[in-house]
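A.B. asks: This is the structure I have questions about; it appears just below.
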Amino acid sequence: NIGYSDLAYDGAFYHFNNTGNENNTSLLFTADKRAKSWLQLSGTLGANRRYATYGSNSAQTDAITAPGIYNLANSAKSPTVNEYSERRQTNSVYGSGSFTLADVWTVEVTGRNDWSSTLPKGENSYFYPSINTSLVLTDLMPSLKNRVLSYAKIRGAIANVGNDADPYQLATTYVGQANKFGSLPQYTYNNQLANPTLKPENTNSSEVGLELGVFNNRATLDASYYSKATTNEIVSLSLARETGFSSAALNAGKLTNKGIEAQLTIIPIQLANGFQWTTTFNYSANRSKLISLYPGVQNYLIGSTWTIDEEARVGQPYGDIFATPYVRDSTTGELLLSDGLPQNDAGNRRVLGNVNPKWVGGWNNEVRWGRFTASALLDFHRGGNIYSVTNMFGQYTGVLASSINGRQVDWDNPGLVVHGIDEATGKENTVNVTAENYYQSLFENGEAFLYDDSFVKLRELRVGIDLPSGFTNRLKVSSANLAFVGRNLWTHTKVPNIDPEFTYTTGNYQGAEFAALPTTR
């Protein structure tokens with residue numbers, strides 16, 4: 001990997017190597033017994049040891065003596081080297097027990113206890129239980145069944161889940177630096193203030209659900225409503241620089257999530273000759289809200305990209321996008337222009353959107369006839385916002401087709417008259433500006449490159465045939481299917497020039513895009 005180079009020498013190089021390993025050792029006992037004709041009992045008891053390691057090391061130099069030889073011995077200067085090692089272990093015991101009465105009512109209880117090496121010694125144990133139950137109403141009360149209702153079941157669950165911290169957040173340590181001061185090694189104090197009293201995160205959740213089948217199960221519905229509340233979240237909160245630290249590891253806040261999930265399956269056509277059409281639609285919507293943070297703290301920075309900040313603010317949904325808007329006329333809401341160009345309202349940064357969709361869903365249709373099958377799956381993503389740095393730079397540098405507007409003949413011919421109010425006259429703008437000046441005036445404006453992330457994708461198209469048994473028998477296989485499968489073949493969206501479904505970063509920071517590769521077609 002070629003890095004920066006001192007031009008007085010014959011090249012540079014950067015070597016990087018990382019390794020990761022995880023070992024799990026488990027022991028599990030299970031029991032399953034029909035105690036009576038009307039009573040089914042089952043249970044599990046187990047233990048697990050998880051041991052994970054991660055390591056990385058790198059070496060780089062901006063100057064090599066002989067070209068083409070990328071070896072540290074060929075470095076004309078002292079190379080920069082770095083090394084990191086991480087270890088963590090979690091020991092667990094867990095168990096569950098359940099009973100089913102008359103194949104109608106089921107109750108299950110679970111419990112798990114973890115001991116984590118990333119939490120304070122003596123305070124690193126946390127227990128989390130759950131209980132869930134389900135009841136088949138149409139078996140309990142057969143009179144409910146009729147020509148319309150074929151099946152009905154209700155279910156509910158209450159659960160508690162714990163989670164530990166990332167390694168090495170309990171003690172603030174010195175960090176070694178590869179470069180030396182003369183012949184002396186150098187160390188710097190870690191920028192994050194550690195917390196020796198960290199507690200495990202805790203999530204309490206509850207769920208109720210309903211399953212229905214109608215018209216001899218030609219149509220089925222599976223729907224649920226859930227509510228979750230996470231407390232003692234382990235976060236890195238920013239500190240004032242004068243404290244000597246940039247952040248601190250803390251247990252802070254309470255975050256709630258509530259939502260609905262549903263799946264509806266219908267068989268509109270089912271013929272005696274084997275022809276069947278099955279259509280399935282699934283839907284889910286989630287609403288989050290940050291109830292509290294650390295005392296005296298009202299917002300938490302999730303991430304930043306150029307002019308936008310993604311934050312969690314007390315009383316607001318998780319994932320709000322704070323950015324610089326346009327200056328607008330207070331009466332009409334139109335752009336307030338200066339010398340024919342839009343203005344950035346830098347003193348009025350505010351929430352311009354949120355990364356979370358209003359809802360997501362999928363619609364699958366499958367047709368079967370004899371040995372032939374064909375299916376198509378559409379994915380829906382409604383609402384949510386993304387910020388595109390690709391479009392910002394593309395407009396600024398004039399490489400996007402949209403930036404042709406105003407320079408169809410030459411760089412300033414015919415130019416543009418931007419729709420808005422002239423700040424100097426208070427009237428409709430008539431000032432003609434060059435395309436270059438207009439598109440470059442949008443640079444680093446949060447509102448200009450914030451888009452509605454709604455899209456529809458043809459996620460999968462499949463056409464297949466089951467090969468005849470005479471052919472598969474000769475191959476000595478029980479069955480075989482030959483199919484053409486295409487994925488991500490079509491996308492409908494108003495987001496220009498980029499794939500609205502992208503992966504730019506890992507973790508919680510989403511909604512900002514910069515030169516991300518599109519989904520493979």
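By convention here, the chains of the structure tokens are called A, B, ... in the order presented, each chain's residues are numbered starting at 1, and ligands are numbered starting at 1 in the order presented.
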Would you mind writing down, as a ChimeraX atom specification, each residue of stretch 297-434 of chain A that DSSP on the backbone assigns to strand (DSSP E)?
C.D. replies: /A:299-305,308-313,320-323,336-337,350-354,359-369,372-382,385-388,421-422
A.B. asks: Quick one: everything within 9 Å of A:Leu489, counting only C-alpha atoms, minus sequence neighbours fewer than 3 positions away in the same chain. Send it as a list of chain:residue names.
C.D. replies: A:Lys457, A:Leu458, A:Arg459, A:Glu460, A:Leu461, A:Gly486, A:Arg521
A.B. asks: How would the residues just picked look written out with N, CA and C atoms as a tab-separated table (two decimals), in the first residue's frame?
C.D. replies:
chain	number	residue	atom	x	y	z
A	457	LYS	N	-36.47	-1.39	-4.59
A	457	LYS	CA	-35.49	-2.21	-5.30
A	457	LYS	C	-36.08	-3.55	-5.68
A	458	LEU	N	-35.78	-3.97	-6.89
A	458	LEU	CA	-36.06	-5.36	-7.28
A	458	LEU	C	-34.92	-6.17	-6.70
A	459	ARG	N	-35.16	-6.66	-5.47
A	459	ARG	CA	-34.08	-7.31	-4.73
A	459	ARG	C	-33.68	-8.64	-5.35
A	460	GLU	N	-34.68	-9.41	-5.81
A	460	GLU	CA	-34.32	-10.70	-6.39
A	460	GLU	C	-35.37	-11.13	-7.40
A	461	LEU	N	-34.91	-11.68	-8.50
A	461	LEU	CA	-35.76	-12.29	-9.52
A	461	LEU	C	-35.23	-13.70	-9.76
A	486	GLY	N	-31.26	-13.31	-10.34
A	486	GLY	CA	-30.69	-11.97	-10.46
A	486	GLY	C	-31.01	-11.17	-9.21
A	521	ARG	N	-24.89	-5.53	-8.55
A	521	ARG	CA	-26.01	-6.05	-9.35
A	521	ARG	C	-25.58	-7.37	-9.94
A.B. asks: With stretch 303-312 of chain A as the partner and 10 Å as the cut-off, tabulate the residues of stretch 495-521 of chain A that qualify, each row holding the nearest pair of atoms and their distance in Å to one decimal, using only C-alpha atoms, sorted by chain and rising number, as a tab-separated table.
C.D. replies:
residue	atom	partner	partner_atom	distance
A:Asn508	CA	A:Gly303	CA	8.6
A:Tyr509	CA	A:Gly303	CA	5.7
A:Gln510	CA	A:Gly303	CA	8.3
A:Gly511	CA	A:Glu310	CA	8.3
A:Ala512	CA	A:Thr305	CA	6.7
A:Glu513	CA	A:Thr305	CA	8.5
A:Phe514	CA	A:Thr305	CA	8.8
A.B. asks: Do you know which residues are at most 6 Å from stretch 180-193 of chain A counting only C-alpha atoms, after dropping those on the same chain fewer than 2 positions away, and could you put them as a list in words?
C.D. replies: Thr172, Thr173, Tyr174, Val175, Gly176, Gln177, Phe245, Ser246, Ser247 and Ala248 of chain A
A.B. asks: Which residues in stretch 45-285 of chain A does DSSP call alpha helix (DSSP H)? List them as a ChimeraX atom specification.
C.D. replies: /A:137-140
A.B. asks: From the options A:Lys228, A:Lys254, A:Arg155, A:Arg88, which residue's atoms come nearest to A:Leu137, counting only C-alpha atoms?
C.D. replies: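 Looking only at the distances to A:Leu137, the closest residue turns out to be A:Arg155.
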